[in-house]
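J.: Hey, dropping query_31.txt in here, compact mmCIF, C-alpha atoms:
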```txt
# COMPACT_ATOMS: atom_id res chain seq x y z
CA MET A 758 0.00 0.00 0.00
CA ASN A 759 0.93 3.64 -0.48
CA VAL A 760 0.40 5.26 2.91
CA ILE A 761 0.47 9.05 3.31
CA ILE A 762 1.37 10.30 6.78
CA VAL A 763 0.55 13.97 7.36
CA GLY A 764 2.55 15.04 10.37
CA ALA A 765 5.22 12.49 9.53
CA THR A 766 7.99 14.36 11.31
CA GLY A 767 6.18 14.56 14.68
CA THR A 768 6.60 12.10 17.53
CA ILE A 769 3.56 10.00 16.61
CA GLY A 770 4.16 10.36 12.88
CA ARG A 771 7.70 9.01 13.14
CA ALA A 772 6.56 6.04 15.23
CA VAL A 773 3.75 5.28 12.77
CA ALA A 774 6.13 5.52 9.80
CA LYS A 775 8.50 3.10 11.53
CA GLU A 776 5.72 0.58 12.28
CA ILE A 777 3.74 0.67 9.02
CA GLY A 778 6.85 1.33 6.93
CA LYS A 779 7.96 -2.25 7.68
CA ARG A 780 5.29 -3.51 5.29
CA HIS A 781 4.18 -0.55 3.13
CA ARG A 782 5.46 2.46 1.23
CA ILE A 783 5.32 5.63 3.35
CA ILE A 784 4.80 9.05 1.77
CA SER A 785 5.81 11.52 4.45
CA VAL A 786 4.08 14.90 4.51
CA ALA A 787 4.68 17.71 6.98
CA SER A 788 4.42 21.47 7.21
CA LYS A 789 8.11 22.07 6.53
CA HIS A 790 9.89 18.76 5.95
CA GLY A 791 8.99 15.33 4.59
CA ASP A 792 8.57 14.20 0.97
CA TYR A 793 5.80 16.76 0.46
CA GLN A 794 4.67 19.85 2.36
CA VAL A 795 1.14 20.89 3.29
CA ASP A 796 -0.60 23.57 5.33
CA ILE A 797 -3.66 21.70 6.62
CA THR A 798 -5.47 24.97 7.37
CA ASP A 799 -5.47 25.80 3.65
CA VAL A 800 -7.73 23.72 1.38
CA LYS A 801 -5.72 24.74 -1.70
CA SER A 802 -2.53 23.49 -0.09
CA ILE A 803 -4.27 20.17 0.70
CA GLU A 804 -5.56 19.89 -2.86
CA ASN A 805 -2.06 20.57 -4.21
CA MET A 806 -0.53 17.95 -1.92
CA TYR A 807 -2.94 15.28 -3.14
CA LYS A 808 -2.36 16.26 -6.79
CA GLU A 809 1.40 15.93 -6.32
CA VAL A 810 1.21 12.62 -4.44
CA GLY A 811 -1.33 11.00 -6.75
CA LYS A 812 -3.29 7.85 -5.97
CA PHE A 813 -2.86 6.32 -2.52
CA ASP A 814 -4.39 3.67 -0.27
CA ALA A 815 -4.29 5.18 3.21
CA LEU A 816 -4.01 8.64 4.73
CA ILE A 817 -2.92 8.98 8.32
CA ALA A 818 -3.15 12.41 9.94
CA THR A 819 -1.05 13.00 13.05
CA ALA A 820 -0.96 16.79 12.71
CA GLY A 821 -3.01 19.57 14.23
CA LYS A 822 -2.60 22.56 16.51
CA MET A 823 -4.80 23.73 19.37
CA HIS A 824 -4.59 26.60 21.84
CA LEU A 825 -4.43 25.26 25.37
CA ALA A 826 -4.85 27.69 28.26
CA GLU A 827 -6.74 28.14 31.51
CA PHE A 828 -10.48 28.32 30.85
CA SER A 829 -10.67 31.80 32.44
CA ALA A 830 -8.21 33.06 29.81
CA MET A 831 -9.89 31.44 26.79
CA ASN A 832 -11.84 33.41 24.20
CA ALA A 833 -13.55 32.49 20.94
CA GLN A 834 -10.43 33.09 18.83
CA MET A 835 -8.42 30.68 20.93
CA TYR A 836 -11.01 27.93 20.41
CA HIS A 837 -11.00 28.74 16.67
CA VAL A 838 -7.31 27.73 16.48
CA GLY A 839 -8.09 24.11 17.26
CA LEU A 840 -11.34 24.11 15.27
CA MET A 841 -9.64 25.41 12.12
CA ASP A 842 -6.35 23.46 12.51
CA LYS A 843 -6.62 20.11 14.30
CA LEU A 844 -10.34 19.62 13.54
CA MET A 845 -11.03 21.12 10.10
CA GLY A 846 -7.45 20.45 8.95
CA GLN A 847 -8.05 16.74 9.40
CA VAL A 848 -11.64 16.95 8.11
CA ASN A 849 -10.45 18.70 4.95
CA LEU A 850 -7.78 16.02 4.44
CA VAL A 851 -10.70 13.56 4.33
CA LEU A 852 -13.15 15.64 2.27
CA ILE A 853 -10.57 16.42 -0.41
CA GLY A 854 -8.76 13.09 -0.09
CA CYS A 855 -11.96 11.23 -1.01
CA LYS A 856 -11.36 12.35 -4.61
CA TYR A 857 -7.88 10.80 -4.74
CA ILE A 858 -7.94 7.73 -2.50
CA ASN A 859 -8.19 4.24 -4.01
CA ASP A 860 -11.24 2.02 -3.49
CA GLN A 861 -11.15 0.26 -0.10
CA GLY A 862 -8.71 2.89 1.14
CA SER A 863 -8.69 4.29 4.66
CA PHE A 864 -8.38 7.54 6.57
CA THR A 865 -7.02 7.51 10.12
CA LEU A 866 -7.27 10.72 12.13
CA THR A 867 -5.86 11.65 15.53
CA SER A 868 -7.94 12.91 18.45
CA GLY A 869 -6.94 12.48 22.10
CA LYS A 870 -8.03 11.42 25.54
CA LEU A 871 -9.01 14.91 26.75
CA SER A 872 -12.41 14.41 25.10
CA PHE A 873 -13.53 12.34 28.09
CA ASP A 874 -10.67 12.75 30.60
CA PRO A 875 -10.22 16.52 30.96
CA VAL A 876 -7.33 18.46 32.49
CA ARG A 877 -6.96 22.04 33.64
CA GLY A 878 -6.16 24.26 30.65
CA GLY A 879 -7.38 21.65 28.20
CA SER A 880 -10.95 22.70 27.40
CA SER A 881 -10.11 23.33 23.74
CA GLY A 882 -8.50 19.90 23.57
CA SER A 883 -11.61 18.32 25.07
CA MET A 884 -13.78 20.11 22.50
CA VAL A 885 -11.62 19.51 19.45
CA ASN A 886 -10.74 15.88 20.18
CA ALA A 887 -14.41 15.08 20.80
CA ALA A 888 -15.30 16.79 17.51
CA VAL A 889 -12.73 14.69 15.60
CA ASP A 890 -14.21 11.53 17.13
CA GLY A 891 -17.75 12.68 16.32
CA PHE A 892 -16.82 13.44 12.73
CA VAL A 893 -15.29 9.98 12.31
CA ILE A 894 -18.36 8.28 13.79
CA GLY A 895 -20.67 10.31 11.54
CA ALA A 896 -18.66 10.09 8.31
CA ALA A 897 -17.87 6.38 8.64
CA ILE A 898 -21.40 5.23 7.77
CA GLU A 899 -21.41 7.26 4.54
CA MET A 900 -17.94 6.67 3.11
CA PRO A 901 -18.12 5.73 -0.58
CA ARG A 902 -16.31 2.94 -2.49
CA GLY A 903 -15.51 0.81 0.56
CA ILE A 904 -13.40 3.57 2.06
CA ARG A 905 -13.02 3.40 5.84
CA ILE A 906 -12.32 6.03 8.50
CA ASN A 907 -11.15 5.66 12.11
CA ALA A 908 -9.48 7.80 14.77
CA VAL A 909 -6.72 7.09 17.25
CA SER A 910 -7.23 8.77 20.63
CA PRO A 911 -4.00 8.55 22.62
CA THR A 912 -3.13 9.74 26.08
CA ILE A 913 0.05 11.75 26.70
CA LEU A 914 3.15 10.25 25.06
CA ALA A 915 6.09 9.03 27.10
CA GLU A 916 8.34 10.97 24.73
CA SER A 917 6.47 14.23 25.56
CA ALA A 918 6.05 13.65 29.29
CA HIS A 919 9.14 15.66 30.25
CA GLN A 920 7.70 18.66 28.41
CA TYR A 921 3.94 18.40 29.02
CA GLY A 922 3.61 15.86 31.83
CA HIS A 923 2.88 18.47 34.50
CA PHE A 924 -0.36 19.35 32.67
CA PHE A 925 -1.49 15.71 33.04
CA PRO A 926 -1.19 14.75 36.70
CA GLY A 927 -1.81 11.05 37.23
CA PHE A 928 -1.94 10.23 33.53
CA GLU A 929 0.11 7.18 32.62
CA PRO A 930 2.21 8.08 29.56
CA VAL A 931 2.25 5.63 26.64
CA GLU A 932 5.17 4.94 24.32
CA SER A 933 4.59 6.21 20.78
CA SER A 934 5.46 2.72 19.51
CA ARG A 935 2.31 1.43 21.25
CA VAL A 936 0.21 4.27 19.84
CA ALA A 937 1.54 3.37 16.37
CA LEU A 938 -0.06 -0.07 16.65
CA ALA A 939 -3.51 1.51 16.68
CA TYR A 940 -2.77 3.22 13.36
CA SER A 941 -1.63 -0.14 12.01
CA LYS A 942 -4.92 -1.71 13.14
CA SER A 943 -6.86 1.04 11.36
CA VAL A 944 -4.86 0.94 8.11
CA GLU A 945 -4.09 -2.77 7.82
CA GLY A 946 -7.28 -4.08 9.43
CA SER A 947 -10.83 -3.74 8.16
CA GLN A 948 -12.65 -1.90 10.92
CA ASN A 949 -14.62 1.29 10.25
CA GLY A 950 -15.92 4.12 12.43
CA GLN A 951 -13.78 3.11 15.40
CA ILE A 952 -12.13 5.34 18.00
CA TYR A 953 -8.99 3.53 19.19
CA HIS A 954 -8.19 4.59 22.74
CA VAL A 955 -4.53 4.06 23.59
CA GLY A 956 -3.43 4.57 27.20
CA MET B 379 -33.86 31.76 40.36
CA ASN B 380 -33.66 33.91 37.24
CA VAL B 381 -33.29 31.45 34.37
CA ILE B 382 -32.39 32.65 30.87
CA ILE B 383 -33.49 30.36 28.04
CA VAL B 384 -31.81 31.12 24.71
CA GLY B 385 -33.92 29.46 22.06
CA ALA B 386 -37.01 29.91 24.21
CA THR B 387 -39.41 29.86 21.27
CA GLY B 388 -38.22 26.51 19.89
CA THR B 389 -39.77 23.14 20.66
CA ILE B 390 -37.32 22.27 23.44
CA GLY B 391 -37.16 25.84 24.71
CA ARG B 392 -40.92 26.04 25.19
CA ALA B 393 -41.01 22.71 27.00
CA VAL B 394 -38.15 23.78 29.27
CA ALA B 395 -39.83 27.13 30.02
CA LYS B 396 -43.03 25.29 30.93
CA GLU B 397 -41.23 22.87 33.26
CA ILE B 398 -38.77 25.18 35.00
CA GLY B 399 -41.19 28.14 34.86
CA LYS B 400 -43.34 26.34 37.46
CA ARG B 401 -40.75 27.19 40.09
CA HIS B 402 -38.50 29.95 38.70
CA ARG B 403 -38.57 33.19 36.71
CA ILE B 404 -37.92 32.57 33.02
CA ILE B 405 -36.22 35.17 30.84
CA SER B 406 -36.96 34.11 27.28
CA VAL B 407 -34.39 34.94 24.60
CA ALA B 408 -34.62 34.08 20.92
CA SER B 409 -33.37 35.33 17.57
CA LYS B 410 -36.59 37.19 16.74
CA HIS B 411 -39.11 36.85 19.57
CA GLY B 412 -38.96 36.41 23.34
CA ASP B 413 -38.25 39.00 26.05
CA TYR B 414 -34.84 39.70 24.53
CA GLN B 415 -33.24 38.97 21.17
CA VAL B 416 -29.77 37.61 20.43
CA ASP B 417 -27.72 36.44 17.47
CA ILE B 418 -25.58 33.72 19.04
CA THR B 419 -23.08 33.88 16.14
CA ASP B 420 -22.23 37.48 17.14
CA VAL B 421 -20.27 37.98 20.37
CA LYS B 422 -21.37 41.64 20.55
CA SER B 423 -25.01 40.60 20.35
CA ILE B 424 -24.41 38.10 23.18
CA GLU B 425 -22.65 40.74 25.28
CA ASN B 426 -25.55 43.16 24.71
CA MET B 427 -28.11 40.53 25.67
CA TYR B 428 -26.37 39.85 28.97
CA LYS B 429 -26.03 43.58 29.69
CA GLU B 430 -29.75 44.07 29.11
CA VAL B 431 -30.79 41.05 31.18
CA GLY B 432 -28.44 41.73 34.09
CA LYS B 433 -27.58 39.23 36.83
CA PHE B 434 -29.00 35.72 36.49
CA ASP B 435 -28.66 32.27 38.03
CA ALA B 436 -28.95 29.87 35.11
CA LEU B 437 -28.49 30.01 31.35
CA ILE B 438 -30.07 27.31 29.22
CA ALA B 439 -29.17 27.22 25.52
CA THR B 440 -31.53 25.32 23.23
CA ALA B 441 -30.51 27.16 20.06
CA GLY B 442 -28.06 26.39 17.29
CA LYS B 443 -28.03 25.72 13.56
CA MET B 444 -26.12 23.08 11.62
CA HIS B 445 -25.94 22.14 7.95
CA LEU B 446 -27.07 18.57 7.48
CA ALA B 447 -26.50 16.91 4.11
CA GLU B 448 -25.16 13.72 2.57
CA PHE B 449 -21.45 13.33 3.34
CA SER B 450 -20.58 13.30 -0.37
CA ALA B 451 -22.12 16.79 -0.71
CA MET B 452 -20.45 18.31 2.37
CA ASN B 453 -17.61 20.83 2.17
CA ALA B 454 -15.70 22.84 4.76
CA GLN B 455 -18.12 25.78 4.67
CA MET B 456 -21.05 23.51 5.47
CA TYR B 457 -19.27 22.16 8.55
CA HIS B 458 -18.42 25.74 9.56
CA VAL B 459 -22.15 26.53 9.89
CA GLY B 460 -22.53 24.17 12.83
CA LEU B 461 -19.12 25.02 14.29
CA MET B 462 -19.85 28.75 14.31
CA ASP B 463 -23.55 28.53 15.25
CA LYS B 464 -24.53 25.54 17.43
CA LEU B 465 -21.00 25.01 18.83
CA MET B 466 -19.35 28.42 19.20
CA GLY B 467 -22.73 30.13 19.70
CA GLN B 468 -23.26 28.08 22.83
CA VAL B 469 -19.58 28.31 23.85
CA ASN B 470 -19.69 32.10 23.58
CA LEU B 471 -22.86 32.20 25.68
CA VAL B 472 -20.77 30.50 28.38
CA LEU B 473 -17.53 32.47 27.92
CA ILE B 474 -19.30 35.84 28.04
CA GLY B 475 -21.97 34.71 30.49
CA CYS B 476 -19.30 33.89 33.08
CA LYS B 477 -18.96 37.64 33.64
CA TYR B 478 -22.65 38.09 34.45
CA ILE B 479 -23.82 34.89 36.11
CA ASN B 480 -24.28 34.73 39.89
CA ASP B 481 -22.08 32.56 42.11
CA GLN B 482 -23.23 28.90 42.07
CA GLY B 483 -25.04 29.54 38.80
CA SER B 484 -25.26 27.03 35.97
CA PHE B 485 -25.00 26.77 32.21
CA THR B 486 -26.89 24.03 30.38
CA LEU B 487 -26.11 23.48 26.71
CA THR B 488 -27.77 21.29 24.10
CA SER B 489 -25.97 18.68 22.04
CA GLY B 490 -27.66 15.59 20.58
CA LYS B 491 -27.50 11.85 20.12
CA LEU B 492 -25.81 11.94 16.68
CA SER B 493 -22.45 12.24 18.46
CA PHE B 494 -22.48 8.49 19.08
CA ASP B 495 -25.50 7.25 17.09
CA PRO B 496 -24.95 8.58 13.56
CA VAL B 497 -27.42 8.82 10.68
CA ARG B 498 -26.98 9.36 6.96
CA GLY B 499 -26.61 13.09 6.25
CA GLY B 500 -25.75 13.82 9.86
CA SER B 501 -21.95 13.97 9.91
CA SER B 502 -21.95 17.66 10.89
CA GLY B 503 -24.38 16.85 13.68
CA SER B 504 -22.13 14.06 14.91
CA MET B 505 -19.14 16.41 14.89
CA VAL B 506 -20.82 19.44 16.44
CA ASN B 507 -22.78 17.58 19.13
CA ALA B 508 -19.63 15.71 20.17
CA ALA B 509 -17.77 19.03 20.33
CA VAL B 510 -20.44 20.55 22.59
CA ASP B 511 -20.18 17.54 24.92
CA GLY B 512 -16.38 17.75 24.87
CA PHE B 513 -16.43 21.44 25.70
CA VAL B 514 -18.76 20.84 28.64
CA ILE B 515 -16.58 18.02 29.98
CA GLY B 516 -13.46 20.16 29.63
CA ALA B 517 -14.86 23.45 30.95
CA ALA B 518 -16.69 21.87 33.90
CA ILE B 519 -13.53 21.21 35.91
CA GLU B 520 -12.40 24.84 35.60
CA MET B 521 -15.60 26.82 36.17
CA PRO B 522 -15.05 29.61 38.73
CA ARG B 523 -17.21 30.66 41.72
CA GLY B 524 -19.05 27.36 42.04
CA ILE B 525 -20.57 27.73 38.59
CA ARG B 526 -21.63 24.48 36.95
CA ILE B 527 -22.02 23.39 33.32
CA ASN B 528 -23.84 20.41 31.80
CA ALA B 529 -25.29 19.42 28.43
CA VAL B 530 -28.52 17.72 27.44
CA SER B 531 -28.14 15.30 24.53
CA PRO B 532 -31.60 14.37 23.24
CA THR B 533 -32.69 12.06 20.49
CA ILE B 534 -35.25 13.20 17.91
CA LEU B 535 -38.30 14.89 19.44
CA ALA B 536 -41.77 13.42 19.06
CA GLU B 537 -42.96 16.89 18.05
CA SER B 538 -40.43 16.97 15.16
CA ALA B 539 -40.83 13.37 14.03
CA HIS B 540 -43.38 14.19 11.30
CA GLN B 541 -40.86 16.61 9.77
CA TYR B 542 -37.47 14.93 10.36
CA GLY B 543 -38.35 11.37 11.35
CA HIS B 544 -37.40 9.87 7.98
CA PHE B 545 -33.78 10.93 8.61
CA PHE B 546 -33.78 8.84 11.83
CA PRO B 547 -34.96 5.33 10.94
CA GLY B 548 -35.50 3.22 14.04
CA PHE B 549 -34.94 6.07 16.47
CA GLU B 550 -37.58 6.21 19.19
CA PRO B 551 -38.78 9.82 19.45
CA VAL B 552 -39.00 11.39 22.89
CA GLU B 553 -41.57 13.96 24.06
CA SER B 554 -40.06 17.40 24.66
CA SER B 555 -41.62 17.34 28.14
CA ARG B 556 -39.30 14.42 29.01
CA VAL B 557 -36.28 16.23 27.53
CA ALA B 558 -37.20 19.24 29.67
CA LEU B 559 -36.69 17.18 32.83
CA ALA B 560 -32.98 16.84 32.02
CA TYR B 561 -32.64 20.64 31.92
CA SER B 562 -34.42 20.78 35.27
CA LYS B 563 -31.94 18.27 36.69
CA SER B 564 -29.05 20.38 35.44
CA VAL B 565 -30.41 23.73 36.67
CA GLU B 566 -32.11 22.71 39.90
CA GLY B 567 -29.71 19.89 40.85
CA SER B 568 -26.06 20.18 41.77
CA GLN B 569 -24.29 18.00 39.20
CA ASN B 570 -21.44 19.34 37.06
CA GLY B 571 -19.79 18.20 33.83
CA GLN B 572 -22.62 15.80 32.98
CA ILE B 573 -24.01 14.87 29.58
CA TYR B 574 -27.68 13.96 30.06
CA HIS B 575 -28.74 11.52 27.38
CA VAL B 576 -32.50 11.56 26.84
CA GLY B 577 -34.00 8.93 24.56
```
Would you mind writing the structure in this file as structure tokens?

T.:
Amino acid sequence: MNVIIVGATGTIGRAVAKEIGKRHRIISVASKHGDYQVDITDVKSIENMYKEVGKFDALIATAGKMHLAEFSAMNAQMYHVGLMDKLMGQVNLVLIGCKYINDQGSFTLTSGKLSFDPVRGGSSGSMVNAAVDGFVIGAAIEMPRGIRINAVSPTILAESAHQYGHFFPGFEPVESSRVALAYSKSVEGSQNGQIYHVG
Amino acid sequence: MNVIIVGATGTIGRAVAKEIGKRHRIISVASKHGDYQVDITDVKSIENMYKEVGKFDALIATAGKMHLAEFSAMNAQMYHVGLMDKLMGQVNLVLIGCKYINDQGSFTLTSGKLSFDPVRGGSSGSMVNAAVDGFVIGAAIEMPRGIRINAVSPTILAESAHQYGHFFPGFEPVESSRVALAYSKSVEGSQNGQIYHVG
């Protein structure tokens, strides 16, 4: 299979490329590096990326920004960051990617545990991750041509714990290599409309 | 208590006003009718509404538009309708309302069952309702001054079944009077961060 990873240079993206790259061809896409570049907040940039890459069998998205801050400091614009980047960036990768993906292909998006296990300063993460999961659940039953869609919802990564761990008291970090297995299950398995909780 | 209902002239809003109005003062707000008017997509309109109403004890939102259509016909702009109206409209009612609500007050938002029980043409509903639930779960643990926040997630209403029922095959409609009880539980009870599933 030809497997596009958007966010290929991030911690999860690298682990996923390592795992799935054992058996399939990886096309790495990132904002600045990788085989191809894309700005997921720009539908024209997404369209151009797909035109350059050509036909593919699986798209994995491990990219997406959000603005995390104390609830008392949050305003509408700060929530818009996550809605337009992590949420609609991934949604647009699917909407536009449907034109280019092969029959029986798959999309695998990334959400996160905050949707049901909130932390202080994480209200945008709770909102955006839940929205990604909701989109996947809704879109899955209407995907054309045998195309599937799932999401991976990880907890904090062991590799990021030194940097972000203090925001997640009591959360047990998970190695990115374990998170990568969930992407493998989505891409190489046959399930549809699933939210894979890891950690 | 002084209880603001935004969307007071809708099917749920009227049922909620009837139920909670038995015991509390209702301030009805809607886009065109009611005691006060508000455009929930406009933060200035929300700010003005709160300034006019003054101090209050509970805000119930039963308003919010979404664009529902077959997944194959959906584009980014169509998803934005629900994100900017039903999602951020309700979120902004909370963000701005925090300045005006009394200590130990409550916000009660409205999501919907599509977040986990999808239907054809409902992918925006699945996304937006999940996002509302996620926001509530995230914000609840950070609300100041003893303020609480919950969401009511109803299935299709019996009163709407003649109009929308064909989009929800096999869904058992619920009377709006039963949905209203969940808003009563949120406002008159003491729970926080709950998603009340009705039907």

J.: Which polymer residues, protein or nucleic acid, are no farther than 12 Å from (-42.9, 26.5, 26.8), counting all atoms listed in the file, as a PyMOL selection string?

T.: chain B and resi 383+385-400+404-406+412+440+554-555+558

J.: Chain A residues within 10 Å of chain B, counting only C-alpha atoms: which ones, as a VMD selection string?

T.: chain A and resid 800 827 to 833 836 to 837 840 to 841 844 to 846 848 to 849 852 to 853 855 871 to 901

J.: Give, as AutoDock Vina command-line options, the centre coordinates and the x, y and z edge lengths in Å to one decimal for an axis-aligned box around all listed atoms of stretch 830-835 of chain A, padded by 8 Å on each side.

T.:
```
--center_x -10.9 --center_y 32.0 --center_z 24.3 --size_x 21.3 --size_y 18.7 --size_z 27.0
```

J.: Hey, can you check how far atom CA of B:Ile438 sits from atom CA of B:Glu550?

T.: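 Straight-line distance from atom CA of B:Ile438 to atom CA of B:Glu550 works out to 24.5 Å.
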
J.: Smallest atom-to-atom distance to A:Lys856: which of A:Tyr807, A:His919, A:Val838, A:Ala826, using only C-alpha atoms?

T.: A:Tyr807

J.: Separation of atom CA of A:Gln861 and atom CA of A:Arg905, in Å?

T.: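 Atom CA of A:Arg905 lies at a distance of 7.0 Å from atom CA of A:Gln861.
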
J.: For a test of reading the model, state the distance in Å between atom CA of B:Phe549 and atom CA of B:Leu535, rounded to one decimal.

T.: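 Between these atoms lies a distance of 9.9 Å.
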
J.: Point out the residue among A:Gly854, A:Gly922, A:Pro930, A:Gly869 with the least atom-to-atom distance to A:Ile904, counting all atoms listed in the file.

T.: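 Nearest to A:Ile904: A:Gly854.
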